[in-house]
>>> print(open('protein_10.txt').read())   # compact mmCIF, C-alpha atoms
# COMPACT_ATOMS: atom_id res chain seq x y z
CA MET T 1 -16.15 -26.89 22.36
CA SER T 2 -18.78 -25.57 24.74
CA ILE T 3 -17.82 -23.85 27.97
CA TYR T 4 -20.61 -25.80 29.65
CA GLU T 5 -18.86 -29.14 29.06
CA TYR T 6 -16.33 -28.58 31.83
CA ARG T 7 -17.10 -26.49 34.91
CA PRO T 8 -13.52 -25.14 35.47
CA ALA T 9 -13.53 -23.98 31.83
CA LEU T 10 -16.84 -22.22 32.42
CA ILE T 11 -15.50 -20.42 35.50
CA PHE T 12 -12.25 -19.48 33.75
CA CYS T 13 -14.00 -18.17 30.63
CA ALA T 14 -16.49 -16.18 32.71
CA ALA T 15 -13.62 -14.59 34.70
CA VAL T 16 -11.74 -13.70 31.51
CA ALA T 17 -14.94 -12.32 30.00
CA ALA T 18 -15.53 -10.15 33.09
CA ALA T 19 -11.99 -8.74 32.95
CA PHE T 20 -12.18 -8.14 29.21
CA GLY T 21 -15.63 -6.58 29.58
CA ALA T 22 -14.36 -4.15 32.22
CA VAL T 23 -11.56 -3.07 29.86
CA MET T 24 -14.04 -2.69 26.99
CA GLY T 25 -16.37 -0.73 29.24
CA SER T 26 -13.53 1.65 30.06
CA PHE T 27 -12.70 2.05 26.37
CA LEU T 28 -16.34 2.60 25.33
CA ASN T 29 -16.82 5.16 28.09
CA CYS T 30 -13.71 7.05 26.96
CA ALA T 31 -14.81 6.82 23.31
CA ALA T 32 -18.28 8.14 24.16
CA TRP T 33 -16.83 11.05 26.13
CA ARG T 34 -14.61 12.06 23.21
CA ILE T 35 -17.26 11.55 20.51
CA ALA T 36 -19.71 13.71 22.48
CA ARG T 37 -17.09 16.49 22.42
CA GLY T 38 -16.10 16.07 18.79
CA GLU T 39 -12.72 14.53 19.58
CA SER T 40 -11.02 11.45 18.08
CA PHE T 41 -11.20 8.34 20.25
CA VAL T 42 -8.45 6.51 18.38
CA ARG T 43 -5.67 9.05 18.93
CA GLY T 44 -4.26 10.53 22.09
CA ARG T 45 -3.81 9.08 25.57
CA SER T 46 -6.48 9.09 28.27
CA ARG T 47 -6.33 12.14 30.51
CA CYS T 48 -8.03 13.74 33.47
CA PRO T 49 -10.95 15.87 32.19
CA GLY T 50 -10.17 18.46 34.86
CA CYS T 51 -6.43 19.16 34.68
CA GLY T 52 -5.46 17.30 31.49
CA HIS T 53 -3.04 14.97 33.32
CA GLU T 54 -2.19 12.00 31.08
CA LEU T 55 -3.10 8.81 32.90
CA THR T 56 -0.44 6.19 33.55
CA ALA T 57 -0.93 2.43 33.27
CA ARG T 58 -1.70 2.03 36.97
CA GLU T 59 -4.35 4.74 36.71
CA LEU T 60 -6.12 2.87 33.93
CA ILE T 61 -6.93 -0.40 35.70
CA PRO T 62 -10.72 -0.72 35.46
CA VAL T 63 -12.55 -0.21 38.77
CA PHE T 64 -9.44 -0.79 40.93
CA SER T 65 -7.69 2.46 39.93
CA TRP T 66 -10.78 4.46 40.88
CA LEU T 67 -11.02 2.65 44.22
CA MET T 68 -7.32 2.95 45.03
CA GLN T 69 -7.37 6.68 44.28
CA ARG T 70 -10.60 7.08 46.27
CA GLY T 71 -12.39 8.50 43.27
CA ARG T 72 -9.97 11.38 42.71
CA CYS T 73 -7.38 12.39 40.14
CA ARG T 74 -3.88 11.60 41.45
CA ALA T 75 -2.50 14.82 39.95
CA CYS T 76 -5.05 17.51 40.85
CA GLY T 77 -7.23 15.81 43.43
CA GLN T 78 -10.43 16.57 41.54
CA LYS T 79 -13.28 14.10 42.01
CA VAL T 80 -13.61 11.50 39.26
CA SER T 81 -17.19 10.60 38.45
CA ALA T 82 -18.52 7.24 39.67
CA ARG T 83 -19.68 6.76 36.09
CA TYR T 84 -16.26 5.31 35.29
CA PRO T 85 -16.31 2.25 37.59
CA LEU T 86 -20.06 1.82 37.08
CA THR T 87 -19.72 1.61 33.29
CA GLU T 88 -16.78 -0.76 33.64
CA LEU T 89 -18.68 -3.05 36.02
CA GLY T 90 -21.83 -2.78 33.93
CA PHE T 91 -20.15 -3.81 30.71
CA ALA T 92 -18.25 -6.57 32.48
CA LEU T 93 -21.65 -8.00 33.45
CA ILE T 94 -22.97 -7.58 29.90
CA THR T 95 -19.92 -9.41 28.52
CA VAL T 96 -20.38 -12.34 30.90
CA LEU T 97 -24.10 -12.55 30.11
CA CYS T 98 -23.36 -12.56 26.37
CA LEU T 99 -20.84 -15.38 26.79
CA LEU T 100 -23.17 -17.44 28.97
CA ARG T 101 -26.07 -16.92 26.58
CA PHE T 102 -24.31 -17.64 23.29
CA ASP T 103 -21.26 -19.72 24.31
CA LEU T 104 -17.95 -19.52 22.41
CA THR T 105 -19.53 -19.09 18.98
CA VAL T 106 -19.56 -16.75 16.02
CA LEU T 107 -23.06 -15.76 17.12
CA CYS T 108 -21.61 -14.64 20.45
CA LEU T 109 -18.98 -12.49 18.71
CA ARG T 110 -21.51 -10.95 16.34
CA ASN T 111 -23.96 -10.12 19.11
CA TYR T 112 -21.15 -8.80 21.30
CA VAL T 113 -20.25 -6.25 18.63
CA PHE T 114 -23.90 -5.18 18.62
CA LEU T 115 -23.93 -4.89 22.42
CA CYS T 116 -20.76 -2.77 22.30
CA CYS T 117 -22.45 -0.42 19.84
CA LEU T 118 -25.61 -0.24 21.95
CA PHE T 119 -23.55 0.58 25.03
CA LEU T 120 -21.53 3.26 23.23
CA LEU T 121 -24.54 5.00 21.70
CA THR T 122 -26.31 4.94 25.07
CA LEU T 123 -23.46 6.92 26.61
CA THR T 124 -23.17 9.39 23.71
CA ASP T 125 -26.92 9.95 23.66
CA LEU T 126 -26.94 10.63 27.40
CA ASP T 127 -23.97 13.00 27.06
CA ALA T 128 -24.87 14.92 23.92
CA MET T 129 -28.22 13.65 22.54
CA LEU T 130 -26.16 12.02 19.78
CA ILE T 131 -26.29 8.54 18.25
CA PRO T 132 -23.21 8.08 16.02
CA ASP T 133 -23.85 6.62 12.58
CA GLY T 134 -20.70 4.56 13.10
CA CYS T 135 -22.57 2.45 15.64
CA HIS T 136 -25.22 1.55 13.06
CA ILE T 137 -22.61 0.84 10.40
CA ALA T 138 -20.49 -1.37 12.68
CA SER T 139 -23.56 -3.33 13.80
CA ALA T 140 -24.75 -3.89 10.23
CA VAL T 141 -21.25 -4.90 9.06
CA ALA T 142 -20.97 -7.42 11.92
CA TRP T 143 -24.37 -8.91 11.00
CA VAL T 144 -23.41 -9.27 7.33
CA ALA T 145 -19.89 -10.58 8.11
CA ALA T 146 -21.34 -13.34 10.30
CA LEU T 147 -23.80 -14.54 7.64
CA PRO T 148 -21.48 -17.14 6.05
CA PHE T 149 -21.06 -18.79 9.47
CA LEU T 150 -24.68 -18.47 10.63
CA PHE T 151 -26.51 -18.92 7.33
CA THR T 152 -29.83 -20.75 7.83
CA GLY T 153 -31.35 -20.06 4.44
CA TRP T 154 -32.28 -17.05 2.35
CA ARG T 155 -35.77 -16.98 3.82
CA ASP T 156 -34.39 -16.14 7.26
CA VAL T 157 -32.04 -13.51 5.81
CA LEU T 158 -34.88 -11.86 3.90
CA LEU T 159 -37.13 -11.89 6.97
CA HIS T 160 -34.54 -10.03 9.04
CA ALA T 161 -33.72 -7.61 6.21
CA SER T 162 -37.44 -6.97 5.71
CA SER T 163 -37.85 -6.32 9.43
CA ALA T 164 -35.09 -3.71 9.25
CA LEU T 165 -36.80 -2.00 6.31
CA ALA T 166 -40.27 -2.28 7.83
CA PHE T 167 -39.38 -0.77 11.20
CA GLY T 168 -36.90 1.77 9.86
CA GLY T 169 -39.15 2.88 7.00
CA GLY T 170 -42.36 2.63 9.02
CA LEU T 171 -41.03 4.74 11.88
CA LEU T 172 -39.62 7.25 9.40
CA VAL T 173 -43.05 7.74 7.82
CA LEU T 174 -44.72 7.91 11.24
CA SER T 175 -42.13 10.43 12.42
CA LEU T 176 -42.69 12.67 9.39
CA VAL T 177 -46.46 12.60 9.96
CA MET T 178 -46.07 13.39 13.68
CA ASP T 179 -43.57 16.16 12.90
CA ARG T 180 -46.18 17.79 10.66
CA LEU T 181 -48.98 17.41 13.22
CA LEU T 182 -46.94 18.54 16.23
CA GLY T 183 -44.91 21.20 14.46
CA ARG T 184 -41.68 19.85 15.96
CA ASP T 185 -39.37 16.87 15.74
CA SER T 186 -41.06 13.80 17.22
CA MET T 187 -38.21 11.30 16.81
CA GLY T 188 -34.54 11.74 15.97
CA GLY T 189 -33.02 10.24 12.85
CA GLY T 190 -30.57 8.27 14.97
CA ASP T 191 -33.45 6.57 16.80
CA ILE T 192 -35.08 5.54 13.52
CA LYS T 193 -31.82 4.12 12.15
CA LEU T 194 -31.29 2.29 15.43
CA PHE T 195 -34.67 0.58 15.20
CA ALA T 196 -33.76 -0.49 11.64
CA VAL T 197 -30.57 -2.14 12.93
CA VAL T 198 -32.51 -3.74 15.79
CA GLY T 199 -34.86 -5.20 13.16
CA LEU T 200 -31.86 -6.70 11.40
CA TYR T 201 -30.79 -8.52 14.57
CA LEU T 202 -34.09 -9.40 16.21
CA GLY T 203 -36.47 -9.98 13.34
CA PHE T 204 -40.08 -8.79 13.30
CA VAL T 205 -41.43 -10.25 16.55
CA GLY T 206 -38.33 -9.44 18.60
CA THR T 207 -38.22 -5.88 17.30
CA LEU T 208 -41.94 -5.37 17.94
CA PHE T 209 -41.46 -6.35 21.57
CA SER T 210 -38.37 -4.15 21.70
CA VAL T 211 -40.40 -1.16 20.48
CA ILE T 212 -43.05 -1.77 23.15
CA ILE T 213 -40.46 -2.11 25.93
CA ALA T 214 -38.51 0.93 24.69
CA CYS T 215 -41.62 3.13 24.67
CA ALA T 216 -42.53 2.03 28.20
CA LEU T 217 -38.97 2.64 29.43
CA GLY T 218 -38.78 6.00 27.67
CA LEU T 219 -42.00 7.21 29.30
CA LEU T 220 -40.87 5.94 32.71
CA LEU T 221 -37.46 7.60 32.50
CA GLN T 222 -38.96 10.88 31.31
CA ALA T 223 -41.47 10.81 34.17
CA LEU T 224 -38.70 10.18 36.69
CA LEU T 225 -36.66 13.04 35.27
CA LYS T 226 -39.60 15.46 35.51
CA ARG T 227 -40.35 14.30 39.04
CA LYS T 228 -36.82 15.35 40.01
CA GLY T 229 -37.43 18.77 38.53
CA GLY T 230 -35.49 18.35 35.31
CA ASP T 231 -36.71 20.23 32.24
CA ARG T 232 -34.42 18.47 29.76
CA ALA T 233 -35.94 15.86 27.47
CA PHE T 234 -34.58 12.41 28.21
CA PRO T 235 -32.97 10.84 25.10
CA PHE T 236 -34.78 7.86 23.61
CA GLY T 237 -31.62 6.03 22.52
CA PRO T 238 -30.82 4.47 25.93
CA ALA T 239 -34.35 3.05 26.22
CA ILE T 240 -34.09 1.54 22.72
CA ALA T 241 -30.64 0.13 23.47
CA LEU T 242 -31.72 -1.40 26.78
CA SER T 243 -34.81 -3.02 25.29
CA ALA T 244 -32.83 -4.33 22.31
CA ALA T 245 -30.13 -5.79 24.58
CA ALA T 246 -32.78 -7.46 26.76
CA MET T 247 -34.49 -9.01 23.74
CA LEU T 248 -31.17 -10.06 22.22
CA LEU T 249 -30.09 -11.88 25.38
CA TYR T 250 -33.43 -13.12 26.72
CA GLY T 251 -36.00 -12.48 24.00
CA GLU T 252 -37.53 -15.96 23.94
CA PRO T 253 -38.23 -16.26 27.69
CA LEU T 254 -39.49 -12.67 27.79
CA VAL T 255 -41.93 -13.35 24.97
CA ASN T 256 -43.05 -16.59 26.64
CA VAL T 257 -43.67 -14.79 29.94
CA TYR T 258 -45.74 -12.15 28.14
CA LEU T 259 -47.80 -14.69 26.21
CA GLY T 260 -48.29 -16.69 29.41
CA LEU T 261 -50.20 -13.74 30.89
CA PHE T 262 -53.02 -14.39 28.43
CA GLN T 263 -53.33 -18.13 29.04
>>> encode(input="protein_10.txt", output="structure tokens")
Amino acid sequence: MSIYEYRPALIFCAAVAAAFGAVMGSFLNCAAWRIARGESFVRGRSRCPGCGHELTARELIPVFSWLMQRGRCRACGQKVSARYPLTELGFALITVLCLLRFDLTVLCLRNYVFLCCLFLLTLTDLDAMLIPDGCHIASAVAWVAALPFLFTGWRDVLLHASSALAFGGGLLVLSLVMDRLLGRDSMGGGDIKLFAVVGLYLGFVGTLFSVIIACALGLLLQALLKRKGGDRAFPFGPAIALSAAAMLLYGEPLVNVYLGLFQ
């Protein structure tokens, strides 16, 4: 059954997806915060980072709790970062876009796992310049687990696997050469592994466009950071994740728009 066959079903599914996405955004934000600090994200209740107050159920409602408490902890009154509602709203939007793009299919579920991993590693990289290996493993496992349901022939499987090896291995070699020439690290290992996973999902052409977009975004974000007087290097992971998500959701029209510029 397609959600597009019946408009009320489409509206209902989109609303459920938005609510679920907000909850997932809250969870991924909490997980990223704990991973960045070396804590377990599967044990222990959510708490205020300022006073340690354990949050109750009514304090954990995505977006609404933050609004009702006017952006402050109910126990100590300390300001709660706007990052919380923004990440919840942002991932709610991502969830709805994934559903609308891929419908109620195994492909939607597989790609949603990948988007969750991209979102999580974006937050951890921003917090601690860290891309957890677990994100790469979970993405690869989801891709392999979906193969029996999405199998279109061994040629397609080999093309995607080859893309992963080509981009992961190619960027590793390039990074080692640049490290030697520059006398410093040019690209983190997490970034290289991430491009390998992107190759698995997007194939050669999609990953190539993702690399181009990620480099452009990375340079833009670094320039904006320097313009504001920051001396900290901007992590590359968020740019890779954003470009990969864009190509995953809208790769074909983006490629067509680009190619149309030369016609």
>>> residues_around(input="protein_10.txt", residues="Leu176 (chain T)", least_positions_apart="6", cutoff="9 Å", atoms="only C-alpha atoms", output="PDB file with C-alpha atoms, in the frame of the given file")
ATOM      1  CA  ASP T 185     -39.370  16.870  15.740  1.00  0.00           C
ATOM      2  CA  SER T 186     -41.060  13.800  17.220  1.00  0.00           C
ATOM      3  CA  MET T 187     -38.210  11.300  16.810  1.00  0.00           C
TER       4      MET T 187
END
>>> closest_residue(input="protein_10.txt", among="T:Ala142, T:Ile94, T:Leu120, T:Val198", to="Pro238 (chain T)", atoms="all atoms listed in the file")
T:Leu120
>>> closest_residue(input="protein_10.txt", among="T:Asp133, T:Ser243, T:Arg37, T:Ala75", to="Gly52 (chain T)", atoms="all atoms listed in the file")
T:Ala75
>>> residues_around(input="protein_10.txt", residues="Asp156 (chain T)", least_positions_apart="6", cutoff="12 Å", atoms="only C-alpha atoms", output="PDB file with C-alpha atoms, keeping the file's coordinate frame")
ATOM      1  CA  LEU T 147     -23.800 -14.540   7.640  1.00  0.00           C
ATOM      2  CA  LEU T 150     -24.680 -18.470  10.630  1.00  0.00           C
ATOM      3  CA  SER T 162     -37.440  -6.970   5.710  1.00  0.00           C
ATOM      4  CA  SER T 163     -37.850  -6.320   9.430  1.00  0.00           C
ATOM      5  CA  LEU T 200     -31.860  -6.700  11.400  1.00  0.00           C
ATOM      6  CA  TYR T 201     -30.790  -8.520  14.570  1.00  0.00           C
ATOM      7  CA  LEU T 202     -34.090  -9.400  16.210  1.00  0.00           C
ATOM      8  CA  GLY T 203     -36.470  -9.980  13.340  1.00  0.00           C
ATOM      9  CA  PHE T 204     -40.080  -8.790  13.300  1.00  0.00           C
TER      10      PHE T 204
END
>>> closest_residue(input="protein_10.txt", among="T:Lys228, T:Met68, T:Arg74, T:Val173", to="Leu55 (chain T)", atoms="only C-alpha atoms")
T:Arg74
>>> closest_residue(input="protein_10.txt", among="T:Asn29, T:Thr87, T:Ser139, T:Ser2", to="Leu109 (chain T)", atoms="all atoms listed in the file")
T:Ser139
>>> residues_around(input="protein_10.txt", residues="region 216-219 of chain T", least_positions_apart="6", cutoff="9 Å", atoms="only C-alpha atoms", output="PyMOL selection string")
chain T and resi 234-240+242-243
>>> atom_distance(input="protein_10.txt", atom1="CA of Phe20 (chain T)", atom2="CA of Ser81 (chain T)")
21.5 Å
>>> atom_distance(input="protein_10.txt", atom1="CA of Leu89 (chain T)", atom2="CA of Pro62 (chain T)")
8.3 Å
>>> atom_distance(input="protein_10.txt", atom1="CA of Ile3 (chain T)", atom2="CA of Asp103 (chain T)")
6.5 Å
>>> closest_residue(input="protein_10.txt", among="T:Val205, T:Cys117, T:Ala128, T:Leu221", to="Ile35 (chain T)", atoms="all atoms listed in the file")
T:Ala128
>>> residues_around(input="protein_10.txt", residues="Val255 (chain T)", least_positions_apart="6", cutoff="10 Å", atoms="all atoms listed in the file", output="list in words")
Val205, Gly206, Phe209 and Met247 of chain T
>>> residues_near_point(input="protein_10.txt", point="(-23.6, -18.5, 29.2)", cutoff="12 Å", atoms="all atoms listed in the file", output="list in words")
Ser2, Ile3, Tyr4, Glu5, Arg7, Ala9, Leu10, Ile11, Cys13, Ala14, Ala17, Leu93, Ile94, Thr95, Val96, Leu97, Cys98, Leu99, Leu100, Arg101, Phe102, Asp103, Leu104, Thr105, Cys108, Leu249 and Tyr250 of chain T
>>> closest_residue(input="protein_10.txt", among="T:Leu123, T:Ala36, T:Ala82, T:Gly199", to="Leu158 (chain T)", atoms="only C-alpha atoms")
T:Gly199
>>> residues_around(input="protein_10.txt", residues="region 134-136 of chain T", least_positions_apart="6", cutoff="7 Å", atoms="only C-alpha atoms", output="ChimeraX atom specification")
/T:117,121,194,197
>>> decode(input="protein_10.txt", residues="region 39-80 of chain T", atoms="N, CA and C atoms", output="mmCIF file, in the first residue's frame")
data_model
loop_
_atom_site.group_PDB
_atom_site.id
_atom_site.type_symbol
_atom_site.label_atom_id
_atom_site.label_comp_id
_atom_site.auth_asym_id
_atom_site.auth_seq_id
_atom_site.Cartn_x
_atom_site.Cartn_y
_atom_site.Cartn_z
ATOM 1 N N GLU T 39 30.099 8.900 27.822
ATOM 2 C CA GLU T 39 29.087 8.261 28.651
ATOM 3 C C GLU T 39 28.242 7.293 27.817
ATOM 4 N N SER T 40 27.580 6.356 28.493
ATOM 5 C CA SER T 40 26.675 5.423 27.825
ATOM 6 C C SER T 40 25.352 6.115 27.526
ATOM 7 N N PHE T 41 24.838 5.893 26.303
ATOM 8 C CA PHE T 41 23.553 6.507 25.953
ATOM 9 C C PHE T 41 22.391 5.526 26.073
ATOM 10 N N VAL T 42 22.693 4.311 26.533
ATOM 11 C CA VAL T 42 21.637 3.303 26.682
ATOM 12 C C VAL T 42 21.251 3.092 28.135
ATOM 13 N N ARG T 43 22.034 3.655 29.060
ATOM 14 C CA ARG T 43 21.729 3.508 30.484
ATOM 15 C C ARG T 43 21.607 4.881 31.122
ATOM 16 N N GLY T 44 20.763 4.950 32.111
ATOM 17 C CA GLY T 44 20.605 6.203 32.843
ATOM 18 C C GLY T 44 19.539 7.098 32.240
ATOM 19 N N ARG T 45 18.824 7.814 33.096
ATOM 20 C CA ARG T 45 17.749 8.701 32.651
ATOM 21 C C ARG T 45 18.314 10.044 32.204
ATOM 22 N N SER T 46 17.540 10.731 31.364
ATOM 23 C CA SER T 46 17.938 12.067 30.915
ATOM 24 C C SER T 46 17.950 13.014 32.099
ATOM 25 N N ARG T 47 18.888 13.956 32.081
ATOM 26 C CA ARG T 47 19.025 14.875 33.211
ATOM 27 C C ARG T 47 19.467 16.245 32.722
ATOM 28 N N CYS T 48 19.285 17.221 33.562
ATOM 29 C CA CYS T 48 19.725 18.579 33.260
ATOM 30 C C CYS T 48 21.254 18.600 33.288
ATOM 31 N N PRO T 49 21.902 19.108 32.251
ATOM 32 C CA PRO T 49 23.375 19.142 32.244
ATOM 33 C C PRO T 49 23.944 20.092 33.280
ATOM 34 N N GLY T 50 23.116 21.004 33.793
ATOM 35 C CA GLY T 50 23.602 21.965 34.774
ATOM 36 C C GLY T 50 23.552 21.457 36.199
ATOM 37 N N CYS T 51 22.364 21.023 36.648
ATOM 38 C CA CYS T 51 22.205 20.627 38.056
ATOM 39 C C CYS T 51 22.060 19.114 38.250
ATOM 40 N N GLY T 52 21.938 18.365 37.156
ATOM 41 C CA GLY T 52 21.812 16.920 37.270
ATOM 42 C C GLY T 52 20.408 16.435 37.573
ATOM 43 N N HIS T 53 19.423 17.336 37.582
ATOM 44 C CA HIS T 53 18.026 16.966 37.841
ATOM 45 C C HIS T 53 17.536 15.974 36.809
ATOM 46 N N GLU T 54 17.010 14.822 37.265
ATOM 47 C CA GLU T 54 16.471 13.818 36.348
ATOM 48 C C GLU T 54 15.135 14.298 35.793
ATOM 49 N N LEU T 55 15.014 14.285 34.482
ATOM 50 C CA LEU T 55 13.838 14.837 33.828
ATOM 51 C C LEU T 55 12.654 13.886 33.930
ATOM 52 N N THR T 56 11.485 14.454 34.191
ATOM 53 C CA THR T 56 10.259 13.669 34.266
ATOM 54 C C THR T 56 9.657 13.539 32.866
ATOM 55 N N ALA T 57 8.587 12.747 32.762
ATOM 56 C CA ALA T 57 7.958 12.518 31.467
ATOM 57 C C ALA T 57 7.478 13.812 30.823
ATOM 58 N N ARG T 58 6.924 14.711 31.613
ATOM 59 C CA ARG T 58 6.399 15.953 31.038
ATOM 60 C C ARG T 58 7.497 16.918 30.633
ATOM 61 N N GLU T 59 8.722 16.660 31.101
ATOM 62 C CA GLU T 59 9.859 17.491 30.710
ATOM 63 C C GLU T 59 10.576 16.929 29.480
ATOM 64 N N LEU T 60 10.071 15.803 28.984
ATOM 65 C CA LEU T 60 10.724 15.138 27.860
ATOM 66 C C LEU T 60 9.886 15.169 26.581
ATOM 67 N N ILE T 61 8.828 15.945 26.563
ATOM 68 C CA ILE T 61 8.004 16.056 25.357
ATOM 69 C C ILE T 61 8.761 16.925 24.356
ATOM 70 N N PRO T 62 9.110 16.372 23.191
ATOM 71 C CA PRO T 62 9.893 17.147 22.233
ATOM 72 C C PRO T 62 9.271 18.503 21.918
ATOM 73 N N VAL T 63 10.077 19.517 21.869
ATOM 74 C CA VAL T 63 9.728 20.897 21.518
ATOM 75 C C VAL T 63 8.817 21.535 22.578
ATOM 76 N N PHE T 64 7.681 20.892 22.874
ATOM 77 C CA PHE T 64 6.685 21.493 23.764
ATOM 78 C C PHE T 64 7.210 21.706 25.178
ATOM 79 N N SER T 65 7.984 20.743 25.697
ATOM 80 C CA SER T 65 8.532 20.905 27.056
ATOM 81 C C SER T 65 9.432 22.128 27.119
ATOM 82 N N TRP T 66 10.256 22.308 26.101
ATOM 83 C CA TRP T 66 11.164 23.455 26.073
ATOM 84 C C TRP T 66 10.369 24.764 26.019
ATOM 85 N N LEU T 67 9.301 24.773 25.225
ATOM 86 C CA LEU T 67 8.478 25.976 25.103
ATOM 87 C C LEU T 67 7.723 26.266 26.400
ATOM 88 N N MET T 68 7.143 25.222 26.990
ATOM 89 C CA MET T 68 6.363 25.416 28.213
ATOM 90 C C MET T 68 7.229 25.878 29.387
ATOM 91 N N GLN T 69 8.480 25.444 29.391
ATOM 92 C CA GLN T 69 9.402 25.842 30.466
ATOM 93 C C GLN T 69 10.210 27.082 30.086
ATOM 94 N N ARG T 70 9.849 27.687 28.949
ATOM 95 C CA ARG T 70 10.503 28.910 28.468
ATOM 96 C C ARG T 70 12.015 28.750 28.364
ATOM 97 N N GLY T 71 12.413 27.569 27.919
ATOM 98 C CA GLY T 71 13.833 27.329 27.677
ATOM 99 C C GLY T 71 14.698 27.260 28.917
ATOM 100 N N ARG T 72 14.096 26.875 30.045
ATOM 101 C CA ARG T 72 14.863 26.785 31.294
ATOM 102 C C ARG T 72 14.590 25.467 32.011
ATOM 103 N N CYS T 73 15.559 25.043 32.814
ATOM 104 C CA CYS T 73 15.380 23.847 33.633
ATOM 105 C C CYS T 73 14.361 24.154 34.730
ATOM 106 N N ARG T 74 13.408 23.264 34.943
ATOM 107 C CA ARG T 74 12.362 23.482 35.943
ATOM 108 C C ARG T 74 12.928 23.428 37.361
ATOM 109 N N ALA T 75 14.063 22.739 37.538
ATOM 110 C CA ALA T 75 14.620 22.588 38.884
ATOM 111 C C ALA T 75 15.556 23.729 39.266
ATOM 112 N N CYS T 76 16.473 24.094 38.392
ATOM 113 C CA CYS T 76 17.484 25.092 38.748
ATOM 114 C C CYS T 76 17.325 26.420 38.023
ATOM 115 N N GLY T 77 16.478 26.444 37.005
ATOM 116 C CA GLY T 77 16.247 27.686 36.280
ATOM 117 C C GLY T 77 17.311 28.025 35.254
ATOM 118 N N GLN T 78 18.289 27.150 35.088
ATOM 119 C CA GLN T 78 19.351 27.410 34.113
ATOM 120 C C GLN T 78 18.802 27.320 32.697
ATOM 121 N N LYS T 79 19.335 28.166 31.806
ATOM 122 C CA LYS T 79 18.879 28.157 30.420
ATOM 123 C C LYS T 79 19.209 26.832 29.748
ATOM 124 N N VAL T 80 18.250 26.326 28.986
ATOM 125 C CA VAL T 80 18.444 25.103 28.211
ATOM 126 C C VAL T 80 18.650 25.519 26.763
#
